[in-house]
Amino acid sequence: MTDTLLPNDRKSSRGDSNYFKKGCNPFAQTGRSKLQNQRASLNQQIIKEMRMRAGAENLLKATSNNKVKEMVLLELSYVNANLQLLMGQLEGLNSSVEVYQNSQETANIPLIALGLKETKEINFSTPFKDFILEHYSEDGNSFEDEIADLMDLRQACRTPSRSEAGVEMFAKYYGHLPLIETRFFSPNRQTGIFFTWYDSFTGVPVCQQNLSLEKASILFNMAALYSQIGTRCDRQTTAGLEEAISSFQKAAGVLNHLKETFTHTPSYDMSPAMLSMLIRMMLAQAQECLFEKIVLPGIANQFYSLMKMAQEAAKVSENYDQVHQSMIQTPIKDNVPFFWSTMSQVKTNHYRSLAHYFVASALLDHQLGPNDDEDKQEKTLSQVYDRLPEGRSPLDILKKKEERERIGKAHIRRAILGHEEALRIYGLCHHLNKLDILEEILKASHQRSLKKQSEHENEEQFADFTEAPDIISKTEHKAEMEVPATTKVKVTDFFQRLGPPSVFSAKQWWTPPRTIRLCPADRDLGFTLKGESPVQVVSLDPLCSAAADGLKEGDYIVAVGETDCKWLGVSDVMRLLKDIDGEGIDIQVVSVMESNPPMPTKSATFCGNLPKTYSMICLAYNDDDKNHKSRKVSKKSSFLSWGLKNKLKSASTLSLPTADHSGSQPWNKPCPTFPSSSSYNNNSVL
């Protein structure tokens, strides 16, 4: 994909040097873009089927006609079958790791990258212009360029480049979101803007009117982009491995920041359990790259080097075993692609077998000689084993040739069994079967262990039932989470012309700007100023001309003559007021209103398959309807609630089919319920 500057003829108010970059060309037919387009298409098909199922289930509850029930049950069976097929296709997309690998990668096991969450395009223009006019009493049309810049930046975040430039773009948009929230999202008023994001694993949409979902999704995509950068690195070079290690550690750091900051995100792919699993997977892949970095120059055929590599390989195996154990826990196992859990299981067995192979090589190929440090080898061997077979000590194994060979052969047998298990698991997943390089690596490792066994065959091996002890995992370079500095990048406020956000925010309410005529008597204005920016009127003389003209104690001066004073301090404003002639000068002031308008109902949130405070408003949301001001919750019953006799007891259902057969419905599908609209204010406006 190609990075280009945003083609925009308008001149940026922040200067060309600070202008942001556009994402990749959305029409570029690269493997990654095709994959993301398929994901977007599947998300639309999934929400369509879910709407049909929700309506059919409501109809089933409302009707008492047996014939209608039979027809609805038949329709539900078709819809659930289609949903299962779509979910299978989405799982296939999440299993397409070959798209993200380095094109020249020929000797390394593929790594897993996260797919980007998809979202809908949002038009900020009308809601923001109206809010600027009504709340800030300024012409919203004068902020068209700023609003367009914000929309362009968000649109570019849907197709980021797989590089640091793409991460930087995510960071810039994430840095703008708190400023946008301060400016336009009031707790007492809804803007009518719906942020819709699709679950990256299930395709279920989540819709909210606040910015929490937007912030969390941007962080998730930032971590996903870091994982894609890590998988693309050339792991045949030290520089490429270092970049991959850093990328996976940063991905884990961003996911951990997301987990700690947004604890109640309604999207399941950002739930604490799922994020914990993803963090472990990113760190396991970073540890794998650390192992490859140690192996890259070659492994010295020496006793201590082989024992060290055995413990390093055991550490990678241990990390992937923890990842696999997380993936098979309920409810993660129902949503994680089978390819992911299979891959983690394959790597667990593969690297454990490598550890046993290294120990076997150290014991079988290196006998304790007269010039060797006996105490050092004994200490090394004792640190490798957690426990030894009964009646054996590290020194006995090192000194007695028969014991040394017996334990070494036990390790090589265990290595062979582990490689065979990895190959068996590899054959269970048809997505894994597409990765020829993985099969070649597994078979080569298996053949190497078989060759080592054949080199030390003798007649006694059939009667030898010694079991190799477990190897203690140990590493000199442990993968750690790394929070990138880009998550705290400073940005320039798009809407800084509105004034300092500490004062001119959506939480504050003011009177419209009033014009006051200043005619100083004997160069006395009748008041003093305080504050940084904007300045505030204090010590007002109630008998001065300004007070008679409407100036009040505590007013903020926003303009002197034709000069905007929102960002000026006391000294700057006094300089403008110092040389007032006899005719005087007009100033504009605003007053803070003490009472706020009454708070309407809370923001409706929709999400499938999650029992939280959700509404069906997302399902009834028309993509073609761009008039945000006129969108209201209609009191007329829609198709989704058609036929319900008791509105207070109505409940919409929306969930993905699972393998649970404990439900009481004929199609065995337990569905979470959603609160009815009557639980909110009947006059609510969303």
# chains A, B, ... in the order shown; residues from 1 in each chain; ligands from 1
>>> residues_around(residues="A:Ile425", least_positions_apart="2", cutoff="9 Å", atoms="only C-alpha atoms", output="compact mmCIF listing (two decimals) with N, CA and C atoms, in the first residue's frame")
# COMPACT_ATOMS: atom_id res chain seq x y z
N THR A 342 -4.99 -23.80 17.68
CA THR A 342 -4.20 -24.89 17.12
C THR A 342 -2.75 -24.48 16.92
N MET A 343 -2.55 -23.27 16.41
CA MET A 343 -1.19 -22.78 16.20
C MET A 343 -0.42 -22.68 17.52
N GLN A 345 -0.94 -24.45 20.16
CA GLN A 345 -0.67 -25.81 20.63
C GLN A 345 0.49 -26.43 19.85
N VAL A 346 0.53 -26.18 18.56
CA VAL A 346 1.63 -26.69 17.74
C VAL A 346 2.96 -26.12 18.22
N GLU A 420 6.04 -35.40 16.74
CA GLU A 420 4.93 -36.15 16.14
C GLU A 420 3.59 -35.59 16.58
N GLU A 421 3.49 -35.17 17.84
CA GLU A 421 2.25 -34.56 18.33
C GLU A 421 1.99 -33.23 17.63
N ALA A 422 3.05 -32.43 17.41
CA ALA A 422 2.89 -31.16 16.70
C ALA A 422 2.39 -31.39 15.28
N LEU A 423 2.93 -32.42 14.60
CA LEU A 423 2.49 -32.73 13.24
C LEU A 423 1.05 -33.24 13.23
N GLY A 427 -2.28 -31.32 11.38
CA GLY A 427 -3.20 -31.90 10.41
C GLY A 427 -4.66 -31.75 10.76
N LEU A 428 -4.97 -31.33 11.98
CA LEU A 428 -6.37 -31.20 12.40
C LEU A 428 -7.03 -29.93 11.89
N CYS A 429 -6.25 -28.91 11.56
CA CYS A 429 -6.80 -27.61 11.16
C CYS A 429 -6.52 -27.39 9.68
>>> closest_atom_pairs(of="stretch 463-551 of chain A", to="stretch 385-407 of chain A", cutoff="8 Å", atoms="only C-alpha atoms", output="JSON lines")
{"residue": "A:Asp464", "atom": "CA", "partner": "A:Arg406", "partner_atom": "CA", "distance": 7.6}
{"residue": "A:Thr466", "atom": "CA", "partner": "A:Ile407", "partner_atom": "CA", "distance": 7.1}
{"residue": "A:Glu467", "atom": "CA", "partner": "A:Ile407", "partner_atom": "CA", "distance": 7.8}
{"residue": "A:Ala468", "atom": "CA", "partner": "A:Ile407", "partner_atom": "CA", "distance": 6.2}
{"residue": "A:Pro469", "atom": "CA", "partner": "A:Leu388", "partner_atom": "CA", "distance": 6.2}
{"residue": "A:Asp470", "atom": "CA", "partner": "A:Tyr385", "partner_atom": "CA", "distance": 6.3}
{"residue": "A:Ile471", "atom": "CA", "partner": "A:Tyr385", "partner_atom": "CA", "distance": 5.2}
{"residue": "A:Ile472", "atom": "CA", "partner": "A:Tyr385", "partner_atom": "CA", "distance": 5.8}
>>> atom_distance(atom1="atom CA of A:Leu290", atom2="atom CA of A:Lys474")
12.6 Å
>>> select_by_dssp(residues="stretch 374-553 of chain A", states="alpha helix (DSSP H)", output="ChimeraX atom specification")
/A:374-384,394-399,401-426,436-455,545-548
>>> write_last_selection(atoms="C-alpha atoms", output="mmCIF file, in the first residue's frame")
data_model
loop_
_atom_site.group_PDB
_atom_site.id
_atom_site.type_symbol
_atom_site.label_atom_id
_atom_site.label_comp_id
_atom_site.auth_asym_id
_atom_site.auth_seq_id
_atom_site.Cartn_x
_atom_site.Cartn_y
_atom_site.Cartn_z
ATOM 1 C CA GLU A 374 33.022 -30.754 36.740
ATOM 2 C CA ASP A 375 31.399 -28.427 39.292
ATOM 3 C CA LYS A 376 30.226 -25.986 36.617
ATOM 4 C CA GLN A 377 28.608 -28.729 34.534
ATOM 5 C CA GLU A 378 26.968 -30.191 37.636
ATOM 6 C CA LYS A 379 25.542 -26.773 38.544
ATOM 7 C CA THR A 380 24.327 -26.233 34.985
ATOM 8 C CA LEU A 381 22.605 -29.603 34.812
ATOM 9 C CA SER A 382 20.952 -29.159 38.223
ATOM 10 C CA GLN A 383 19.498 -25.821 37.068
ATOM 11 C CA VAL A 384 17.995 -27.433 33.973
ATOM 12 C CA PRO A 394 23.482 -34.592 38.373
ATOM 13 C CA LEU A 395 27.024 -35.749 39.113
ATOM 14 C CA ASP A 396 26.122 -39.414 38.494
ATOM 15 C CA ILE A 397 24.621 -38.535 35.131
ATOM 16 C CA LEU A 398 27.685 -36.551 34.123
ATOM 17 C CA LYS A 399 30.310 -39.074 35.270
ATOM 18 C CA LYS A 401 28.588 -42.874 30.630
ATOM 19 C CA GLU A 402 25.684 -45.331 30.747
ATOM 20 C CA GLU A 403 23.530 -42.989 32.828
ATOM 21 C CA ARG A 404 24.416 -40.075 30.592
ATOM 22 C CA GLU A 405 23.409 -42.002 27.474
ATOM 23 C CA ARG A 406 20.248 -43.353 29.096
ATOM 24 C CA ILE A 407 18.999 -39.854 30.076
ATOM 25 C CA GLY A 408 20.080 -38.410 26.701
ATOM 26 C CA LYS A 409 18.147 -41.092 24.793
ATOM 27 C CA ALA A 410 15.123 -40.465 26.998
ATOM 28 C CA HIS A 411 15.236 -36.802 25.995
ATOM 29 C CA ILE A 412 15.525 -37.610 22.302
ATOM 30 C CA ARG A 413 12.569 -40.000 22.536
ATOM 31 C CA ARG A 414 10.516 -37.284 24.181
ATOM 32 C CA ALA A 415 11.594 -34.823 21.480
ATOM 33 C CA ILE A 416 10.428 -37.238 18.770
ATOM 34 C CA LEU A 417 7.064 -37.757 20.494
ATOM 35 C CA GLY A 418 6.609 -33.987 20.796
ATOM 36 C CA HIS A 419 7.365 -33.413 17.107
ATOM 37 C CA GLU A 420 4.929 -36.155 16.141
ATOM 38 C CA GLU A 421 2.254 -34.562 18.327
ATOM 39 C CA ALA A 422 2.888 -31.161 16.702
ATOM 40 C CA LEU A 423 2.485 -32.734 13.239
ATOM 41 C CA ARG A 424 -0.706 -34.496 14.332
ATOM 42 C CA ILE A 425 -2.249 -31.260 15.630
ATOM 43 C CA TYR A 426 -1.111 -29.495 12.473
ATOM 44 C CA ASP A 436 3.532 -25.137 3.763
ATOM 45 C CA ILE A 437 6.486 -23.480 5.464
ATOM 46 C CA LEU A 438 5.159 -24.558 8.879
ATOM 47 C CA GLU A 439 4.853 -28.170 7.757
ATOM 48 C CA GLU A 440 8.385 -28.104 6.342
ATOM 49 C CA ILE A 441 9.823 -26.770 9.611
ATOM 50 C CA LEU A 442 7.951 -29.343 11.713
ATOM 51 C CA LYS A 443 9.024 -32.237 9.489
ATOM 52 C CA ALA A 444 12.645 -31.062 9.370
ATOM 53 C CA SER A 445 12.778 -30.855 13.179
ATOM 54 C CA HIS A 446 11.234 -34.320 13.425
ATOM 55 C CA GLN A 447 13.750 -35.792 10.996
ATOM 56 C CA ARG A 448 16.633 -34.180 12.863
ATOM 57 C CA SER A 449 15.534 -35.816 16.109
ATOM 58 C CA LEU A 450 15.128 -39.184 14.369
ATOM 59 C CA LYS A 451 18.641 -38.850 12.951
ATOM 60 C CA LYS A 452 20.034 -38.090 16.395
ATOM 61 C CA GLN A 453 18.289 -41.184 17.760
ATOM 62 C CA SER A 454 19.670 -43.410 14.978
ATOM 63 C CA GLU A 455 23.199 -42.214 15.703
ATOM 64 C CA SER A 545 -20.785 53.536 32.174
ATOM 65 C CA ALA A 546 -19.864 49.938 31.336
ATOM 66 C CA ALA A 547 -22.019 48.617 34.181
ATOM 67 C CA ALA A 548 -24.864 50.779 33.017
#
>>> closest_residue(among="A:Ala216, A:Ala165, A:Leu576, A:Cys233", to="A:Ala113", atoms="only C-alpha atoms")
A:Cys233
>>> atom_distance(atom1="atom CA of A:Ile245", atom2="atom CA of A:Ala156")
26.8 Å
>>> residues_around(residues="A:His324", least_positions_apart="4", cutoff="7 Å", atoms="only C-alpha atoms", output="list in words")
Tyr320, Ile328, Ser341, Ser344 and Gln345 of chain A
>>> closest_residue(among="A:Asn319, A:Gln496, A:Ser163, A:Gln209", to="A:Ala244", atoms="only C-alpha atoms")
A:Ser163
>>> atom_distance(atom1="atom CA of A:Leu219", atom2="atom CA of A:Ser502")
25.2 Å
>>> closest_residue(among="A:Lys48, A:Lys117, A:Arg497, A:His431", to="A:Leu213", atoms="only C-alpha atoms")
A:Lys117
>>> residues_around(residues="A:Phe291", least_positions_apart="2", cutoff="8 Å", atoms="only C-alpha atoms", output="list in words")
Gln287, Glu288, Cys289, Lys293, Ile294, Val295, Glu312, Ala313 and Val316 of chain A
>>> write_last_selection(atoms="all heavy atoms", output="compact mmCIF listing (two decimals), in the first residue's frame")
# COMPACT_ATOMS: atom_id res chain seq x y z
N GLN A 287 8.63 -13.24 22.62
CA GLN A 287 9.61 -14.17 23.17
C GLN A 287 10.13 -15.12 22.10
O GLN A 287 11.32 -15.48 22.09
CB GLN A 287 8.96 -14.96 24.31
CG GLN A 287 9.95 -15.74 25.16
CD GLN A 287 10.84 -14.82 25.99
OE1 GLN A 287 10.38 -13.91 26.65
NE2 GLN A 287 12.15 -15.05 25.92
N GLU A 288 9.26 -15.52 21.19
CA GLU A 288 9.69 -16.38 20.08
C GLU A 288 10.72 -15.66 19.20
O GLU A 288 11.71 -16.26 18.76
CB GLU A 288 8.47 -16.79 19.25
CG GLU A 288 8.79 -17.74 18.11
CD GLU A 288 7.56 -18.14 17.32
OE1 GLU A 288 6.46 -17.61 17.61
OE2 GLU A 288 7.69 -18.98 16.41
N CYS A 289 10.48 -14.37 18.94
CA CYS A 289 11.44 -13.60 18.15
C CYS A 289 12.76 -13.41 18.90
O CYS A 289 13.83 -13.39 18.29
CB CYS A 289 10.84 -12.24 17.78
SG CYS A 289 9.44 -12.33 16.64
N LYS A 293 16.38 -14.55 17.59
CA LYS A 293 17.52 -13.64 17.56
C LYS A 293 18.77 -14.30 18.15
O LYS A 293 19.89 -14.10 17.65
CB LYS A 293 17.17 -12.37 18.34
CG LYS A 293 18.27 -11.32 18.35
CD LYS A 293 17.87 -10.11 19.19
CE LYS A 293 19.02 -9.10 19.27
NZ LYS A 293 18.66 -7.94 20.13
N ILE A 294 18.58 -15.10 19.21
CA ILE A 294 19.71 -15.81 19.80
C ILE A 294 20.23 -16.89 18.86
O ILE A 294 21.44 -17.12 18.73
CB ILE A 294 19.30 -16.42 21.15
CG1 ILE A 294 18.85 -15.32 22.13
CG2 ILE A 294 20.44 -17.21 21.77
CD1 ILE A 294 18.27 -15.85 23.42
N VAL A 295 19.30 -17.56 18.16
CA VAL A 295 19.67 -18.66 17.28
C VAL A 295 20.28 -18.16 15.98
O VAL A 295 21.07 -18.88 15.34
CB VAL A 295 18.42 -19.54 17.00
CG1 VAL A 295 18.71 -20.63 15.98
CG2 VAL A 295 17.91 -20.15 18.30
N GLU A 312 15.93 -21.70 26.91
CA GLU A 312 15.30 -20.63 26.13
C GLU A 312 14.11 -21.19 25.34
O GLU A 312 13.04 -20.57 25.29
CB GLU A 312 16.31 -20.01 25.17
CG GLU A 312 17.40 -19.19 25.85
CD GLU A 312 16.93 -17.82 26.29
OE1 GLU A 312 15.78 -17.45 25.99
OE2 GLU A 312 17.72 -17.11 26.96
N ALA A 313 14.29 -22.36 24.72
CA ALA A 313 13.19 -22.98 23.97
C ALA A 313 12.05 -23.38 24.90
O ALA A 313 10.87 -23.26 24.56
CB ALA A 313 13.70 -24.20 23.20
N VAL A 316 9.84 -20.35 25.57
CA VAL A 316 8.89 -20.06 24.49
C VAL A 316 7.72 -21.03 24.55
O VAL A 316 6.55 -20.65 24.41
CB VAL A 316 9.60 -20.15 23.12
CG1 VAL A 316 8.60 -19.89 21.99
CG2 VAL A 316 10.75 -19.16 23.05
>>> closest_residue(among="A:Glu243, A:Glu121, A:Glu70, A:Asp152", to="A:Glu164", atoms="only C-alpha atoms")
A:Glu243
>>> closest_residue(among="A:Thr237, A:Thr486, A:Gln588, A:Ser539", to="A:Ile516", atoms="only C-alpha atoms")
A:Gln588
